[in-house]
Amino acid sequence: MKLRVATCMTLPEVDVDEAPLAEALRRAGIDAELLAWDDPKVDWSRPIPTVLRSTWNYAQDLPGFLAWIDRVSAVAPLVNPREVVRANVYKRYLLELAAPGVGVVPTTIIEQGYTADLAAIAATYGTEHLVIKPEVGAGSLGTRVFTQVTDSAYDHLEILTTRGAALIQPYLASVDDYGERSLVWIDGQLSHAIRKAPRFSGDAESVTGPHPIADDERALAEAALAPYAAHILYGRVDMARDAANRPVVMELEMTEPSLFFAKQPGSADRFVAGLRARIA
């Protein structure tokens, strides 16, 4: 069985999943080739299944990435599937999650070409400690935190909204101690959880784990993933606790999230077993 594992030509950081995934694919007898989605020399017209992994620069050329998604999925299975990926690259999915009652971090979307009264938004949130980030972004690209509403906050918002939509959210203090928790979903069930330290533009990623999954975190992750569970092989629910100690979704990653296989023995093999079932 042949497989293409999609990455990008220049990784912004080390892919911690690459080695354990490659070993699990080898054990399963799958002939996998690591290829960059943005490499013009690759022939993506061949009918070989593709699994998305470290395509971490997609936000820098979203139209090109989405066109590539369409081309690849037209000739062979794409994992996760095209429809899920196309929706998941736009972080306004947080508002869609919130509509039926899934707990999410409060989010205000400022459309491209517009500005906002940050002081009024901060007053609504009950804090001047704000996170401002692009609607489309991977890792910490373009994400900044401001402890108060200043000219630099307005400047950053203006820079982002000249390129696309932006998100404004309150900074959740729990990420400084309890940490941001990332719950990893593999082939129909939650696999493990890791703790991530706060990360903004230019920061390196720092993770620990695995950590126990609290009952309320499990319930939130399963509710967030429920609309997609029948269609996805993998996902990651990044969450933190609000001022009332309730977990809320910060991001729902179903495009190219790190799954931290090394933190949970057997997780890469479960991933590969589920992958095989989907592309067989």
# chains A, B, ... in the order shown; residues from 1 in each chain; ligands from 1
$ select_by_dssp --residues "segment 36-224 of chain A" --states "strand (DSSP E)" --output "PDB file with N, CA and C atoms, in the first residue's frame"
ATOM      1  N   ALA A  36       6.285  17.586   0.199  1.00  0.00           N
ATOM      2  CA  ALA A  36       5.833  18.933   0.541  1.00  0.00           C
ATOM      3  C   ALA A  36       4.686  19.352  -0.374  1.00  0.00           C
ATOM      4  N   THR A  50      -3.408  10.529   0.426  1.00  0.00           N
ATOM      5  CA  THR A  50      -2.577  11.517   1.104  1.00  0.00           C
ATOM      6  C   THR A  50      -3.099  11.757   2.508  1.00  0.00           C
ATOM      7  N   VAL A  51      -2.189  11.788   3.476  1.00  0.00           N
ATOM      8  CA  VAL A  51      -2.562  12.159   4.837  1.00  0.00           C
ATOM      9  C   VAL A  51      -1.872  13.492   5.161  1.00  0.00           C
ATOM     10  N   LEU A  52      -2.640  14.438   5.659  1.00  0.00           N
ATOM     11  CA  LEU A  52      -2.102  15.742   6.029  1.00  0.00           C
ATOM     12  C   LEU A  52      -1.364  15.642   7.345  1.00  0.00           C
ATOM     13  N   LEU A  78      -8.164  11.742   0.826  1.00  0.00           N
ATOM     14  CA  LEU A  78      -7.395  12.705   1.603  1.00  0.00           C
ATOM     15  C   LEU A  78      -7.832  12.587   3.047  1.00  0.00           C
ATOM     16  N   VAL A  79      -6.876  12.526   3.950  1.00  0.00           N
ATOM     17  CA  VAL A  79      -7.147  12.366   5.379  1.00  0.00           C
ATOM     18  C   VAL A  79      -6.429  13.474   6.139  1.00  0.00           C
ATOM     19  N   THR A 108     -14.551  37.624  19.317  1.00  0.00           N
ATOM     20  CA  THR A 108     -15.097  38.659  18.437  1.00  0.00           C
ATOM     21  C   THR A 108     -14.325  38.622  17.125  1.00  0.00           C
ATOM     22  N   ILE A 109     -15.044  38.553  16.003  1.00  0.00           N
ATOM     23  CA  ILE A 109     -14.414  38.525  14.693  1.00  0.00           C
ATOM     24  C   ILE A 109     -14.496  39.913  14.067  1.00  0.00           C
ATOM     25  N   ILE A 110     -13.344  40.402  13.623  1.00  0.00           N
ATOM     26  CA  ILE A 110     -13.269  41.662  12.898  1.00  0.00           C
ATOM     27  C   ILE A 110     -12.935  41.326  11.452  1.00  0.00           C
ATOM     28  N   LEU A 130      -5.956  41.122  26.380  1.00  0.00           N
ATOM     29  CA  LEU A 130      -6.548  40.599  25.152  1.00  0.00           C
ATOM     30  C   LEU A 130      -5.544  39.820  24.319  1.00  0.00           C
ATOM     31  N   VAL A 131      -6.076  38.858  23.589  1.00  0.00           N
ATOM     32  CA  VAL A 131      -5.326  38.144  22.556  1.00  0.00           C
ATOM     33  C   VAL A 131      -5.901  38.580  21.214  1.00  0.00           C
ATOM     34  N   ILE A 132      -5.017  38.991  20.306  1.00  0.00           N
ATOM     35  CA  ILE A 132      -5.433  39.382  18.959  1.00  0.00           C
ATOM     36  C   ILE A 132      -4.658  38.523  17.975  1.00  0.00           C
ATOM     37  N   LYS A 133      -5.386  37.823  17.102  1.00  0.00           N
ATOM     38  CA  LYS A 133      -4.731  36.891  16.194  1.00  0.00           C
ATOM     39  C   LYS A 133      -5.490  36.806  14.878  1.00  0.00           C
ATOM     40  N   PRO A 134      -4.824  36.327  13.830  1.00  0.00           N
ATOM     41  CA  PRO A 134      -5.504  36.193  12.537  1.00  0.00           C
ATOM     42  C   PRO A 134      -6.510  35.058  12.553  1.00  0.00           C
ATOM     43  N   ARG A 144      -0.702  37.785  19.135  1.00  0.00           N
ATOM     44  CA  ARG A 144      -0.051  38.618  20.153  1.00  0.00           C
ATOM     45  C   ARG A 144      -0.997  38.823  21.325  1.00  0.00           C
ATOM     46  N   VAL A 145      -0.399  39.002  22.499  1.00  0.00           N
ATOM     47  CA  VAL A 145      -1.183  39.265  23.703  1.00  0.00           C
ATOM     48  C   VAL A 145      -0.864  40.678  24.180  1.00  0.00           C
ATOM     49  N   PHE A 146      -1.912  41.376  24.633  1.00  0.00           N
ATOM     50  CA  PHE A 146      -1.771  42.746  25.115  1.00  0.00           C
ATOM     51  C   PHE A 146      -2.375  42.823  26.513  1.00  0.00           C
ATOM     52  N   ALA A 166      -9.691  39.010  11.655  1.00  0.00           N
ATOM     53  CA  ALA A 166      -8.931  38.832  12.898  1.00  0.00           C
ATOM     54  C   ALA A 166      -9.877  38.421  14.013  1.00  0.00           C
ATOM     55  N   LEU A 167      -9.314  37.772  15.022  1.00  0.00           N
ATOM     56  CA  LEU A 167     -10.063  37.367  16.208  1.00  0.00           C
ATOM     57  C   LEU A 167      -9.545  38.124  17.423  1.00  0.00           C
ATOM     58  N   ILE A 168     -10.481  38.565  18.262  1.00  0.00           N
ATOM     59  CA  ILE A 168     -10.134  39.195  19.531  1.00  0.00           C
ATOM     60  C   ILE A 168     -10.755  38.357  20.639  1.00  0.00           C
ATOM     61  N   GLN A 169      -9.932  37.974  21.605  1.00  0.00           N
ATOM     62  CA  GLN A 169     -10.379  37.110  22.704  1.00  0.00           C
ATOM     63  C   GLN A 169      -9.781  37.601  24.016  1.00  0.00           C
ATOM     64  N   PRO A 170     -10.436  37.314  25.131  1.00  0.00           N
ATOM     65  CA  PRO A 170      -9.808  37.614  26.421  1.00  0.00           C
ATOM     66  C   PRO A 170      -8.679  36.630  26.696  1.00  0.00           C
ATOM     67  N   GLU A 180      -2.616  25.385  28.992  1.00  0.00           N
ATOM     68  CA  GLU A 180      -3.520  25.018  27.907  1.00  0.00           C
ATOM     69  C   GLU A 180      -3.441  23.508  27.728  1.00  0.00           C
ATOM     70  N   ARG A 181      -4.583  22.853  27.715  1.00  0.00           N
ATOM     71  CA  ARG A 181      -4.619  21.402  27.555  1.00  0.00           C
ATOM     72  C   ARG A 181      -5.029  21.051  26.130  1.00  0.00           C
ATOM     73  N   SER A 182      -4.274  20.165  25.522  1.00  0.00           N
ATOM     74  CA  SER A 182      -4.574  19.690  24.178  1.00  0.00           C
ATOM     75  C   SER A 182      -4.974  18.231  24.268  1.00  0.00           C
ATOM     76  N   LEU A 183      -6.227  17.945  23.927  1.00  0.00           N
ATOM     77  CA  LEU A 183      -6.751  16.594  23.960  1.00  0.00           C
ATOM     78  C   LEU A 183      -6.721  16.027  22.543  1.00  0.00           C
ATOM     79  N   VAL A 184      -6.024  14.916  22.383  1.00  0.00           N
ATOM     80  CA  VAL A 184      -5.780  14.327  21.067  1.00  0.00           C
ATOM     81  C   VAL A 184      -6.802  13.233  20.780  1.00  0.00           C
ATOM     82  N   TRP A 185      -7.410  13.324  19.615  1.00  0.00           N
ATOM     83  CA  TRP A 185      -8.424  12.371  19.156  1.00  0.00           C
ATOM     84  C   TRP A 185      -7.827  11.540  18.018  1.00  0.00           C
ATOM     85  N   ILE A 186      -7.889  10.211  18.169  1.00  0.00           N
ATOM     86  CA  ILE A 186      -7.381   9.324  17.130  1.00  0.00           C
ATOM     87  C   ILE A 186      -8.376   8.203  16.886  1.00  0.00           C
ATOM     88  N   GLN A 189     -11.745   8.037  19.170  1.00  0.00           N
ATOM     89  CA  GLN A 189     -11.736   8.223  20.618  1.00  0.00           C
ATOM     90  C   GLN A 189     -10.589   9.138  21.046  1.00  0.00           C
ATOM     91  N   LEU A 190     -10.759   9.711  22.239  1.00  0.00           N
ATOM     92  CA  LEU A 190      -9.686  10.509  22.804  1.00  0.00           C
ATOM     93  C   LEU A 190      -8.550   9.592  23.213  1.00  0.00           C
ATOM     94  N   SER A 191      -7.351   9.980  22.858  1.00  0.00           N
ATOM     95  CA  SER A 191      -6.181   9.148  23.103  1.00  0.00           C
ATOM     96  C   SER A 191      -5.376   9.618  24.310  1.00  0.00           C
ATOM     97  N   HIS A 192      -5.025  10.908  24.354  1.00  0.00           N
ATOM     98  CA  HIS A 192      -4.180  11.416  25.427  1.00  0.00           C
ATOM     99  C   HIS A 192      -4.273  12.939  25.463  1.00  0.00           C
ATOM    100  N   ALA A 193      -3.735  13.510  26.521  1.00  0.00           N
ATOM    101  CA  ALA A 193      -3.736  14.966  26.691  1.00  0.00           C
ATOM    102  C   ALA A 193      -2.341  15.432  27.058  1.00  0.00           C
ATOM    103  N   ILE A 194      -1.984  16.584  26.517  1.00  0.00           N
ATOM    104  CA  ILE A 194      -0.707  17.206  26.885  1.00  0.00           C
ATOM    105  C   ILE A 194      -0.979  18.632  27.367  1.00  0.00           C
ATOM    106  N   ARG A 195      -0.018  19.170  28.078  1.00  0.00           N
ATOM    107  CA  ARG A 195      -0.115  20.557  28.543  1.00  0.00           C
ATOM    108  C   ARG A 195       0.852  21.407  27.741  1.00  0.00           C
ATOM    109  N   LYS A 196       0.338  22.530  27.217  1.00  0.00           N
ATOM    110  CA  LYS A 196       1.178  23.449  26.467  1.00  0.00           C
ATOM    111  C   LYS A 196       1.337  24.741  27.253  1.00  0.00           C
ATOM    112  N   VAL A 207       5.837  21.556  25.715  1.00  0.00           N
ATOM    113  CA  VAL A 207       4.751  20.658  26.089  1.00  0.00           C
ATOM    114  C   VAL A 207       5.228  19.660  27.130  1.00  0.00           C
ATOM    115  N   THR A 208       4.294  19.201  27.955  1.00  0.00           N
ATOM    116  CA  THR A 208       4.544  18.125  28.899  1.00  0.00           C
ATOM    117  C   THR A 208       3.368  17.159  28.829  1.00  0.00           C
TER     118      THR A 208
END
$ residues_around --residues "Cys8 of chain A" --least-positions-apart "6" --cutoff "7 Å" --atoms "only C-alpha atoms" --output "VMD selection string"
chain A and resid 36 to 38 54 to 57
$ residues_around --residues "segment 88-98 of chain A" --least-positions-apart "3" --cutoff "10 Å" --atoms "only C-alpha atoms" --output "ChimeraX atom specification"
/A:58-59,62,66,82-85,101-109,133-138,165-167,223-225,227,248-256
$ residues_around --residues "Val272 of chain A" --least-positions-apart "6" --cutoff "8 Å" --atoms "only C-alpha atoms" --output "compact mmCIF listing (two decimals) with C-alpha atoms, in the first residue's frame"
# COMPACT_ATOMS: atom_id res chain seq x y z
CA LEU A 21 4.73 8.09 12.49
CA ALA A 24 4.54 3.02 12.71
CA LEU A 25 3.95 3.15 8.95
CA ALA A 28 2.37 -1.67 9.14
$ select_by_dssp --residues "segment 26-247 of chain A" --states "alpha helix (DSSP H)" --output "ChimeraX atom specification"
/A:26-27,62-75,82-88,93-98,118-125,151-161,215-225
$ atom_distance --atom1 "atom CA of Ala230 of chain A" --atom2 "atom CA of Gly188 of chain A"
7.5 Å
$ residues_around --residues "segment 156-158 of chain A" --least-positions-apart "2" --cutoff "8 Å" --atoms "only C-alpha atoms" --output "list in words"
Tyr114, Thr115, Ile132, Lys133, Ser152, Ala153, Tyr154, Leu160, Thr161, Thr162 and Ala166 of chain A
$ closest_residue --among "A:Arg218, A:His129, A:Arg278, A:Arg4" --to "Leu233 of chain A" --atoms "only C-alpha atoms"
A:Arg278
$ closest_residue --among "A:His211, A:Lys2, A:Arg236, A:Lys263" --to "Leu275 of chain A" --atoms "only C-alpha atoms"
A:Lys2
$ atom_distance --atom1 "atom CA of Phe261 of chain A" --atom2 "atom CA of Val16 of chain A"
8.0 Å
$ closest_residue --among "A:Asp43, A:Asp151, A:Leu259, A:Ala120" --to "Phe271 of chain A" --atoms "only C-alpha atoms"
A:Leu259
$ closest_residue --among "A:Ala221, A:Val42, A:Ala243, A:Leu34" --to "Thr127 of chain A" --atoms "only C-alpha atoms"
A:Ala243
$ residues_around --residues "Asp176 of chain A" --least-positions-apart "2" --cutoff "12 Å" --atoms "only C-alpha atoms" --output "PyMOL selection string"
chain A and resi 171-174+178-181+195-199+240-242
$ write_last_selection --atoms "N, CA and C atoms" --output "PDB file, in the first residue's frame"
ATOM      1  N   TYR A 171      -7.637  37.101  27.347  1.00  0.00           N
ATOM      2  CA  TYR A 171      -6.555  36.211  27.763  1.00  0.00           C
ATOM      3  C   TYR A 171      -7.021  35.442  28.995  1.00  0.00           C
ATOM      4  N   LEU A 172      -6.926  34.126  28.947  1.00  0.00           N
ATOM      5  CA  LEU A 172      -7.357  33.287  30.068  1.00  0.00           C
ATOM      6  C   LEU A 172      -6.169  33.030  30.990  1.00  0.00           C
ATOM      7  N   ALA A 173      -6.275  33.518  32.220  1.00  0.00           N
ATOM      8  CA  ALA A 173      -5.160  33.442  33.163  1.00  0.00           C
ATOM      9  C   ALA A 173      -4.752  32.014  33.475  1.00  0.00           C
ATOM     10  N   SER A 174      -5.655  31.060  33.304  1.00  0.00           N
ATOM     11  CA  SER A 174      -5.348  29.676  33.658  1.00  0.00           C
ATOM     12  C   SER A 174      -4.221  29.085  32.825  1.00  0.00           C
ATOM     13  N   TYR A 178      -2.345  26.249  35.258  1.00  0.00           N
ATOM     14  CA  TYR A 178      -2.895  24.957  34.858  1.00  0.00           C
ATOM     15  C   TYR A 178      -2.452  24.601  33.442  1.00  0.00           C
ATOM     16  N   GLY A 179      -2.329  25.620  32.618  1.00  0.00           N
ATOM     17  CA  GLY A 179      -1.849  25.419  31.260  1.00  0.00           C
ATOM     18  C   GLY A 179      -2.957  25.185  30.257  1.00  0.00           C
ATOM     19  N   GLU A 180      -2.616  25.385  28.992  1.00  0.00           N
ATOM     20  CA  GLU A 180      -3.520  25.018  27.907  1.00  0.00           C
ATOM     21  C   GLU A 180      -3.441  23.508  27.728  1.00  0.00           C
ATOM     22  N   ARG A 181      -4.583  22.853  27.715  1.00  0.00           N
ATOM     23  CA  ARG A 181      -4.619  21.402  27.555  1.00  0.00           C
ATOM     24  C   ARG A 181      -5.029  21.051  26.130  1.00  0.00           C
ATOM     25  N   ARG A 195      -0.018  19.170  28.078  1.00  0.00           N
ATOM     26  CA  ARG A 195      -0.115  20.557  28.543  1.00  0.00           C
ATOM     27  C   ARG A 195       0.852  21.407  27.741  1.00  0.00           C
ATOM     28  N   LYS A 196       0.338  22.530  27.217  1.00  0.00           N
ATOM     29  CA  LYS A 196       1.178  23.449  26.467  1.00  0.00           C
ATOM     30  C   LYS A 196       1.337  24.741  27.253  1.00  0.00           C
ATOM     31  N   ALA A 197       2.555  25.266  27.260  1.00  0.00           N
ATOM     32  CA  ALA A 197       2.800  26.566  27.871  1.00  0.00           C
ATOM     33  C   ALA A 197       2.266  27.651  26.938  1.00  0.00           C
ATOM     34  N   PRO A 198       1.931  28.840  27.458  1.00  0.00           N
ATOM     35  CA  PRO A 198       1.458  29.928  26.595  1.00  0.00           C
ATOM     36  C   PRO A 198       2.451  30.197  25.470  1.00  0.00           C
ATOM     37  N   ARG A 199       1.896  30.444  24.262  1.00  0.00           N
ATOM     38  CA  ARG A 199       2.763  30.603  23.094  1.00  0.00           C
ATOM     39  C   ARG A 199       2.213  31.705  22.197  1.00  0.00           C
ATOM     40  N   ALA A 240      -8.651  25.686  27.626  1.00  0.00           N
ATOM     41  CA  ALA A 240      -8.150  26.249  28.879  1.00  0.00           C
ATOM     42  C   ALA A 240      -9.358  26.466  29.782  1.00  0.00           C
ATOM     43  N   ARG A 241      -9.095  26.867  31.014  1.00  0.00           N
ATOM     44  CA  ARG A 241     -10.191  27.092  31.964  1.00  0.00           C
ATOM     45  C   ARG A 241     -10.441  28.588  32.120  1.00  0.00           C
ATOM     46  N   ASP A 242     -11.733  28.947  32.159  1.00  0.00           N
ATOM     47  CA  ASP A 242     -12.080  30.355  32.304  1.00  0.00           C
ATOM     48  C   ASP A 242     -12.061  30.770  33.770  1.00  0.00           C
TER      49      ASP A 242
END
$ residues_around --residues "Pro20 of chain A" --least-positions-apart "6" --cutoff "12 Å" --atoms "only C-alpha atoms" --output "MDAnalysis selection string"
chainID A and resid 26:27 258:272
$ closest_residue --among "A:Ala87, A:Ala74, A:Leu220, A:Ile159" --to "Ile48 of chain A" --atoms "only C-alpha atoms"
A:Ala74
